[in-house]
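These notes are about the structure you will find just below.
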Amino acid sequence: MRAKTFKGGIHPKEHKELSNKCAITPAFPVSKTVTIPVTMGGAPNTPVVKVGDVVVKGQVIATGDKFMNCPVHASVSGKVTKIQNCLVTGNSYVPCIVIQSDDSEAQEFLPVLDPFACSKEDALARIKDAGIVGMGGASFPAHVKLNPPADKVIDYVLVNAAECEPYLTCDERTMIETPNLLIDGLAIVLKIVNEKALGIIALEDNKEYVLPILEEEIKKQKLADKISVCLVQTKYPQGSEKFIVKSCVDREIPSGKLPADAGCVICNVGTVCAISEAFRLGKPLIERALTISGGGVKNPCNLRVPVGTLISDLTPAYFEINENVAAVETSSENNSESASEGEAKASVNGGGCVAAEVKEPVKVISGGPMMGFSMAAINFPVAKGTSGVTFLTDSEACLTEESQCISCGYCARACAMRLSPVLILRELKAGNTQKAIRYGLMDCIECGCCAFMCPAHVRIVQKVRLGKAIVRTKMAEEKAKEAAKKS
């Protein structure tokens, strides 16, 4: 089978060998406490419990009445001890519900529902009630994604199984260990979106050994006429929705549009499996698999943890890092930027599931090294969209000070979106946001390919994010002025 691809992109070292042979292991916070963000995708939620309440696993603890709301459930049974602002991915502080587990096995799941016998409306309601969002990082509510406007005809449902971020392997392990959930979940999504649509699992060819596992399960569930596997070349950012669509079905998503505008719906591996469990078991999205890896970890691994588990509550019981974690880079610059500024450049010695040589971590990334976020501490919770945590040593992290841009054009050569980052940054520096927009500021997907290639180590992604924030602030101000005029 010939692997398909797209123009541009880069080939960072993968480091998958550190954890891709490690089975997903159930883990539980050593403090028996979870810190669950009130909102993890969609419109802001409001807590429906208060301090002192006793809750059971699967019970709704925060929700809202808007279409974009996605409820949050208790991931353990126990008592609500606090509702307060806590550190989360991105180094922001948001309202969280803290639950102390009472070791009870009590649970409050939804009733089992046959996805092929119920109506589309009931199926979408089930996905919403289960609190399912995109588990690849964006955390977009699944019930909204799977209900595109009536004028959008969906021809393909694509499962993003590329997992192109270096180090991360939880999706790879999920496909190996529970292919039945993946194929069943995809069949359910096809039934909801369009029964005539075709399902395609986009698999990078560095995981080609998973292909026969998936094909055997497709055959077992008698879905060979509806579902297939498409091998795509191992290249970053192959997992981005624009490039999944281009590689698998040779269509392009128009600028400023969504995959539905190209006749596609895209779901993450974990999301599709969660959809299967929501129907077959009535299980809300209360736990997820994630990868713990990097040169600073003695025993890289894949874990399945309750949503809200603090990373600091998993070490050293489930993985070990150098004790001097206080050395993690905590400057305001590094913590506000994406981790994508070239983190995956260096190699790590080792193989299997254990690094051969472990050095002191100098940077902790929530997510992968290309699009994750540098964190100031490790006491942040696993959210629905947390796919991994990467502990980088000084030989892996890019801590070099940036120098003057020399307009070499390497960033434009690497950009899979066919933009010219050097021109965008030049206009942002001059304060010309409108020109920056014309050069493609808002089309940038912040993948970090440009920063990875930049010989001057310019923090391109950070600057682009700041530029986008300025544009969005101006748009909000103009919208408020227009509203004020009308009133």
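Residue numbering restarts at 1 in every chain; chains get A, B, ... in the order shown in the structure tokens, and ligands count up from 1 in that same order.
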Non-local contacts of segment 429-433 of chain A (12 Å; only C-alpha atoms; under 2 positions in same chain excluded) as a PyMOL selection string
chain A and resi 405+422-427+435-442+460+463-464+466-475
Write out as JSON lines the residues of segment 246-325 of chain A that have any atom within 12 Å of an atom of segment 219-240 of chain A, one row each with the nearest atom pair and its distance in Å to one decimal, counting only C-alpha atoms, sorted by chain and then rising number.
{"residue": "A:Lys246", "atom": "CA", "partner": "A:Gln238", "partner_atom": "CA", "distance": 9.7}
{"residue": "A:Ser247", "atom": "CA", "partner": "A:Val232", "partner_atom": "CA", "distance": 6.8}
{"residue": "A:Cys248", "atom": "CA", "partner": "A:Cys230", "partner_atom": "CA", "distance": 6.5}
{"residue": "A:Val249", "atom": "CA", "partner": "A:Cys230", "partner_atom": "CA", "distance": 9.6}
{"residue": "A:Ile253", "atom": "CA", "partner": "A:Ser240", "partner_atom": "CA", "distance": 11.4}
{"residue": "A:Pro259", "atom": "CA", "partner": "A:Ser240", "partner_atom": "CA", "distance": 10.9}
{"residue": "A:Ile266", "atom": "CA", "partner": "A:Ser240", "partner_atom": "CA", "distance": 9.9}
{"residue": "A:Cys267", "atom": "CA", "partner": "A:Gly239", "partner_atom": "CA", "distance": 10.8}
{"residue": "A:Asn268", "atom": "CA", "partner": "A:Gly239", "partner_atom": "CA", "distance": 9.5}
{"residue": "A:Val269", "atom": "CA", "partner": "A:Gly239", "partner_atom": "CA", "distance": 11.4}
Selected residues written out, C-alpha atoms, as a PDB file, in the first residue's frame:
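Listed below is the output, result31.pdb:
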ATOM      1  CA  LYS A 246      -5.568  16.343   1.650  1.00  0.00           C
ATOM      2  CA  SER A 247      -3.660  13.074   2.073  1.00  0.00           C
ATOM      3  CA  CYS A 248      -6.633  10.718   2.401  1.00  0.00           C
ATOM      4  CA  VAL A 249      -9.246  12.101   0.004  1.00  0.00           C
ATOM      5  CA  ILE A 253     -10.383  22.741   3.324  1.00  0.00           C
ATOM      6  CA  PRO A 259     -13.639  20.003   7.348  1.00  0.00           C
ATOM      7  CA  ILE A 266     -12.535  14.146  11.553  1.00  0.00           C
ATOM      8  CA  CYS A 267     -12.319  12.418  14.928  1.00  0.00           C
ATOM      9  CA  ASN A 268      -9.432  11.385  17.164  1.00  0.00           C
ATOM     10  CA  VAL A 269      -8.810   7.726  18.055  1.00  0.00           C
TER      11      VAL A 269
END
Which polymer residues have any atom within 10 Å of an atom of Arg288 of chain A, counting only C-alpha atoms, with same-chain residues fewer than 3 positions away left out, as JSON, numbers by chain?
{"A": [26, 135, 170, 270, 271, 274, 285, 303, 304, 305, 306, 307, 382, 383, 384, 385, 386, 387]}
Where in segment 146-350 of chain A does DSSP assign alpha helix (DSSP H), given as JSON, numbers by chain?
{"A": [170, 171, 172, 173, 174, 175, 176, 177, 179, 180, 181, 182, 183, 184, 185, 186, 187, 188, 189, 190, 191, 192, 193, 211, 212, 213, 214, 215, 216, 217, 218, 219, 220, 241, 242, 243, 244, 245, 246, 247, 248, 249, 269, 270, 271, 272, 273, 274, 275, 276, 277, 278, 279, 280, 332, 333, 334, 335, 336]}
Counting only C-alpha atoms, the residue of A:Leu18, A:Ala412, A:Ile244, A:Ile213 that sits nearest Met175 of chain A
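Counting only C-alpha atoms, the residue closest to Met175 of chain A is A:Ile213.
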Per-residue nearest contacts of segment 367-448 of chain A to segment 291-298 of chain A (7 Å; only C-alpha atoms) as a Markdown table:
| residue | atom | partner | partner_atom | distance |
| --- | --- | --- | --- | --- |
| A:Ser387 | CA | A:Thr291 | CA | 6.5 |
| A:Gly388 | CA | A:Thr291 | CA | 4.3 |
| A:Val389 | CA | A:Ile292 | CA | 5.1 |
| A:Thr390 | CA | A:Ser293 | CA | 5.0 |
| A:Phe391 | CA | A:Gly294 | CA | 4.7 |
| A:Leu392 | CA | A:Gly294 | CA | 5.3 |
| A:Thr393 | CA | A:Gly296 | CA | 5.6 |
Check the smallest atom-to-atom distance from each of A:Ser255, A:Thr81, A:Gln462, A:Asn206 to Asp102 of chain A using only C-alpha atoms, then report the winner.
A:Thr81
Test item: residues at most 8 Å from segment 446-457 of chain A, only C-alpha atoms, excluding those fewer than 3 positions along its chain, as a list in words
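These residues fall inside the cut-off: Gly9, Ile10, Tyr236, Pro237, Ser340, Glu341, Gly342, Glu343, Lys345, Met370, Met371, Thr400, Glu401, Glu402, Ser403, Gln404, Cys405, Ile406, Tyr410, Cys411, Ala412, Ala414, Cys415, Pro421, Ile460, Val461, Val464 and Arg465 of chain A.
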Which residue gives the smallest distance to Pro179 of chain A among A:Cys408, A:Val272, A:Leu281, A:Ala377, with only C-alpha atoms counted?
A:Val272
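In this model, the gap between atom CA of Leu214 of chain A and atom CA of Thr178 of chain A comes to 9.7 Å.
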Mind dumping a table of every segment 184-250 of chain A residue within 9 Å of segment 113-130 of chain A, with the nearest atom pair and its distance in Å to one decimal, using only C-alpha atoms, sorted by chain and rising number, as a Markdown table?
| residue | atom | partner | partner_atom | distance |
| --- | --- | --- | --- | --- |
| A:Ile188 | CA | A:Pro115 | CA | 6.3 |
| A:Lys191 | CA | A:Phe116 | CA | 7.1 |
| A:Ile192 | CA | A:Lys120 | CA | 5.6 |
| A:Val193 | CA | A:Lys120 | CA | 8.3 |
In segment 71-268 of chain A, what's strand (DSSP E) per DSSP? Answer as a PyMOL selection string?
chain A and resi 72-73+78-88+92-101+156-161+198-204+227-232+264-268
Would you export the selected residues with N, CA and C atoms as a CSV table (one decimal), in the first residue's frame, please?
chain,number,residue,atom,x,y,z
A,72,VAL,N,-19.5,18.0,32.5
A,72,VAL,CA,-18.3,17.4,33.1
A,72,VAL,C,-18.8,16.5,34.2
A,73,HIS,N,-18.2,15.3,34.3
A,73,HIS,CA,-18.7,14.3,35.3
A,73,HIS,C,-17.6,14.0,36.3
A,78,GLY,N,-16.8,10.2,45.8
A,78,GLY,CA,-16.2,10.8,47.1
A,78,GLY,C,-16.9,12.1,47.4
A,79,LYS,N,-16.2,12.9,48.2
A,79,LYS,CA,-16.7,14.2,48.7
A,79,LYS,C,-16.0,15.4,48.0
A,80,VAL,N,-16.9,16.4,47.6
A,80,VAL,CA,-16.3,17.6,47.0
A,80,VAL,C,-15.7,18.4,48.2
A,81,THR,N,-14.4,18.6,48.1
A,81,THR,CA,-13.7,19.3,49.2
A,81,THR,C,-13.5,20.8,48.9
A,82,LYS,N,-13.3,21.1,47.6
A,82,LYS,CA,-13.0,22.5,47.2
A,82,LYS,C,-13.6,22.8,45.8
A,83,ILE,N,-14.0,24.0,45.6
A,83,ILE,CA,-14.2,24.5,44.3
A,83,ILE,C,-13.5,25.8,44.2
A,84,GLN,N,-12.3,25.8,43.4
A,84,GLN,CA,-11.4,26.9,43.4
A,84,GLN,C,-10.7,27.0,42.1
A,85,ASN,N,-10.0,28.1,41.9
A,85,ASN,CA,-9.2,28.2,40.7
A,85,ASN,C,-7.9,27.5,40.9
A,86,CYS,N,-7.5,26.7,39.9
A,86,CYS,CA,-6.3,25.8,39.9
A,86,CYS,C,-5.5,25.9,38.6
A,87,LEU,N,-4.3,25.6,38.7
A,87,LEU,CA,-3.4,25.6,37.5
A,87,LEU,C,-3.8,24.5,36.5
A,88,VAL,N,-3.9,24.9,35.2
A,88,VAL,CA,-4.2,23.9,34.2
A,88,VAL,C,-3.3,24.1,33.0
A,92,SER,N,-2.7,28.8,32.9
A,92,SER,CA,-3.8,29.7,33.4
A,92,SER,C,-4.5,29.0,34.6
A,93,TYR,N,-5.2,29.8,35.4
A,93,TYR,CA,-5.9,29.3,36.5
A,93,TYR,C,-7.4,29.4,36.2
A,94,VAL,N,-8.1,28.2,36.3
A,94,VAL,CA,-9.5,28.2,36.0
A,94,VAL,C,-10.3,27.5,37.1
A,95,PRO,N,-11.6,27.7,37.2
A,95,PRO,CA,-12.4,27.0,38.3
A,95,PRO,C,-12.3,25.5,38.1
A,96,CYS,N,-12.0,24.8,39.2
A,96,CYS,CA,-11.9,23.4,39.3
A,96,CYS,C,-12.7,22.8,40.5
A,97,ILE,N,-13.2,21.6,40.3
A,97,ILE,CA,-13.9,21.0,41.4
A,97,ILE,C,-13.0,19.9,41.9
A,98,VAL,N,-12.6,19.9,43.2
A,98,VAL,CA,-11.7,19.0,43.8
A,98,VAL,C,-12.5,17.9,44.6
A,99,ILE,N,-12.3,16.7,44.3
A,99,ILE,CA,-13.0,15.6,44.9
A,99,ILE,C,-12.1,14.6,45.6
A,100,GLN,N,-12.3,14.3,46.8
A,100,GLN,CA,-11.5,13.4,47.6
A,100,GLN,C,-12.2,12.0,47.5
A,101,SER,N,-11.5,11.0,46.9
A,101,SER,CA,-12.1,9.7,46.7
A,101,SER,C,-12.3,9.0,48.1
A,156,TYR,N,-17.1,11.6,3.9
A,156,TYR,CA,-16.1,10.8,4.6
A,156,TYR,C,-16.0,11.1,6.1
A,157,VAL,N,-15.8,10.1,6.9
A,157,VAL,CA,-15.5,10.3,8.3
A,157,VAL,C,-14.1,9.8,8.5
A,158,LEU,N,-13.2,10.7,8.8
A,158,LEU,CA,-11.8,10.3,9.0
A,158,LEU,C,-11.4,10.2,10.4
A,159,VAL,N,-10.7,9.1,10.8
A,159,VAL,CA,-10.2,9.0,12.1
A,159,VAL,C,-8.7,9.3,12.1
A,160,ASN,N,-8.3,10.3,12.8
A,160,ASN,CA,-6.9,10.8,12.9
A,160,ASN,C,-6.1,9.8,13.8
A,161,ALA,N,-5.5,8.8,13.1
A,161,ALA,CA,-4.6,7.9,13.8
A,161,ALA,C,-3.2,8.1,13.5
A,198,LEU,N,-18.2,7.1,3.9
A,198,LEU,CA,-17.2,6.1,4.1
A,198,LEU,C,-16.3,6.4,5.3
A,199,GLY,N,-15.9,5.5,6.0
A,199,GLY,CA,-15.0,5.7,7.1
A,199,GLY,C,-13.5,5.3,6.7
A,200,ILE,N,-12.6,6.2,7.1
A,200,ILE,CA,-11.2,6.0,6.7
A,200,ILE,C,-10.4,6.3,8.0
A,201,ILE,N,-9.5,5.3,8.3
A,201,ILE,CA,-8.6,5.5,9.4
A,201,ILE,C,-7.2,5.9,8.8
A,202,ALA,N,-6.8,7.1,9.1
A,202,ALA,CA,-5.5,7.6,8.6
A,202,ALA,C,-4.4,7.2,9.5
A,203,LEU,N,-3.5,6.3,9.1
A,203,LEU,CA,-2.5,5.7,9.9
A,203,LEU,C,-1.1,6.0,9.3
A,204,GLU,N,-0.2,6.6,10.1
A,204,GLU,CA,1.1,6.9,9.6
A,204,GLU,C,1.9,5.6,9.3
A,227,ILE,N,-15.5,0.7,5.9
A,227,ILE,CA,-14.4,1.3,6.6
A,227,ILE,C,-13.1,0.7,6.0
A,228,SER,N,-12.1,1.6,5.8
A,228,SER,CA,-10.8,1.2,5.3
A,228,SER,C,-9.7,1.9,6.1
A,229,VAL,N,-8.5,1.5,5.9
A,229,VAL,CA,-7.3,2.1,6.5
A,229,VAL,C,-6.5,2.7,5.4
A,230,CYS,N,-6.1,4.0,5.6
A,230,CYS,CA,-5.3,4.7,4.6
A,230,CYS,C,-3.9,5.0,5.2
A,231,LEU,N,-2.9,4.4,4.6
A,231,LEU,CA,-1.5,4.7,5.1
A,231,LEU,C,-1.1,6.1,4.6
A,232,VAL,N,-0.6,6.9,5.5
A,232,VAL,CA,0.0,8.2,5.1
A,232,VAL,C,1.4,8.3,5.6
A,264,CYS,N,-16.1,16.4,5.0
A,264,CYS,CA,-15.4,15.5,5.9
A,264,CYS,C,-15.7,15.8,7.3
A,265,VAL,N,-15.7,14.8,8.2
A,265,VAL,CA,-15.7,14.9,9.6
A,265,VAL,C,-14.5,14.2,10.1
A,266,ILE,N,-13.8,14.8,11.1
A,266,ILE,CA,-12.5,14.1,11.6
A,266,ILE,C,-12.6,13.9,13.1
A,267,CYS,N,-12.3,12.7,13.5
A,267,CYS,CA,-12.3,12.4,14.9
A,267,CYS,C,-11.0,11.8,15.4
A,268,ASN,N,-10.6,12.0,16.6
A,268,ASN,CA,-9.4,11.4,17.2
A,268,ASN,C,-9.7,9.9,17.6
Pick the closest to Asn91 of chain A from A:Asn322, A:Ser75, A:Thr25, A:Asn379: which is it, counting only C-alpha atoms?
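Of A:Asn322, A:Ser75, A:Thr25, A:Asn379, the one nearest Asn91 of chain A, counting only C-alpha atoms, is A:Asn379.
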Atom CA of Val76 of chain A sits from atom CA of Ile36 of chain A at a separation of 10.3 Å
If we count only C-alpha atoms and set the cut-off at 10 Å, which residues sit around Ser31 of chain A, ignoring sequence neighbours fewer than 3 positions away in its own chain? Please answer as an MDAnalysis selection string.
chainID A and resid 28 34 100:101 309:310 312:314
Report, in Å with one decimal, the straight-line distance from atom CA of Gly42 of chain A to atom CA of Ala187 of chain A.
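Between atom CA of Gly42 of chain A and atom CA of Ala187 of chain A the gap is 24.6 Å.
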Spatial neighbours of Val112 of chain A, 10 Å, only C-alpha atoms, chain gap at least 6 places, as a list of chain:residue names
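Neighbouring residues, sequence-local ones excluded: A:Arg126, A:Glu277, A:Ala278, A:Phe279, A:Arg280, A:Leu281, A:Gly282, A:Lys283.
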Would you mind exporting N, CA and C atoms of the selected residues as a PDB file, in the first residue's frame?
ATOM      1  N   ARG A 126     -26.987  11.496  23.429  1.00  0.00           N
ATOM      2  CA  ARG A 126     -26.168  10.596  24.230  1.00  0.00           C
ATOM      3  C   ARG A 126     -24.715  11.058  24.272  1.00  0.00           C
ATOM      4  N   GLU A 277     -17.997   3.461  23.990  1.00  0.00           N
ATOM      5  CA  GLU A 277     -18.272   3.164  25.397  1.00  0.00           C
ATOM      6  C   GLU A 277     -19.489   3.910  25.906  1.00  0.00           C
ATOM      7  N   ALA A 278     -19.747   5.103  25.363  1.00  0.00           N
ATOM      8  CA  ALA A 278     -20.908   5.879  25.808  1.00  0.00           C
ATOM      9  C   ALA A 278     -22.214   5.169  25.476  1.00  0.00           C
ATOM     10  N   PHE A 279     -22.232   4.445  24.353  1.00  0.00           N
ATOM     11  CA  PHE A 279     -23.439   3.703  23.964  1.00  0.00           C
ATOM     12  C   PHE A 279     -23.455   2.308  24.577  1.00  0.00           C
ATOM     13  N   ARG A 280     -22.358   1.602  24.447  1.00  0.00           N
ATOM     14  CA  ARG A 280     -22.328   0.193  24.866  1.00  0.00           C
ATOM     15  C   ARG A 280     -22.318   0.022  26.371  1.00  0.00           C
ATOM     16  N   LEU A 281     -21.682   0.971  27.086  1.00  0.00           N
ATOM     17  CA  LEU A 281     -21.575   0.873  28.545  1.00  0.00           C
ATOM     18  C   LEU A 281     -22.300   1.991  29.276  1.00  0.00           C
ATOM     19  N   GLY A 282     -22.708   3.022  28.545  1.00  0.00           N
ATOM     20  CA  GLY A 282     -23.309   4.190  29.188  1.00  0.00           C
ATOM     21  C   GLY A 282     -22.271   5.004  29.942  1.00  0.00           C
ATOM     22  N   LYS A 283     -21.019   4.847  29.563  1.00  0.00           N
ATOM     23  CA  LYS A 283     -19.914   5.454  30.317  1.00  0.00           C
ATOM     24  C   LYS A 283     -19.598   6.872  29.820  1.00  0.00           C
TER      25      LYS A 283
END
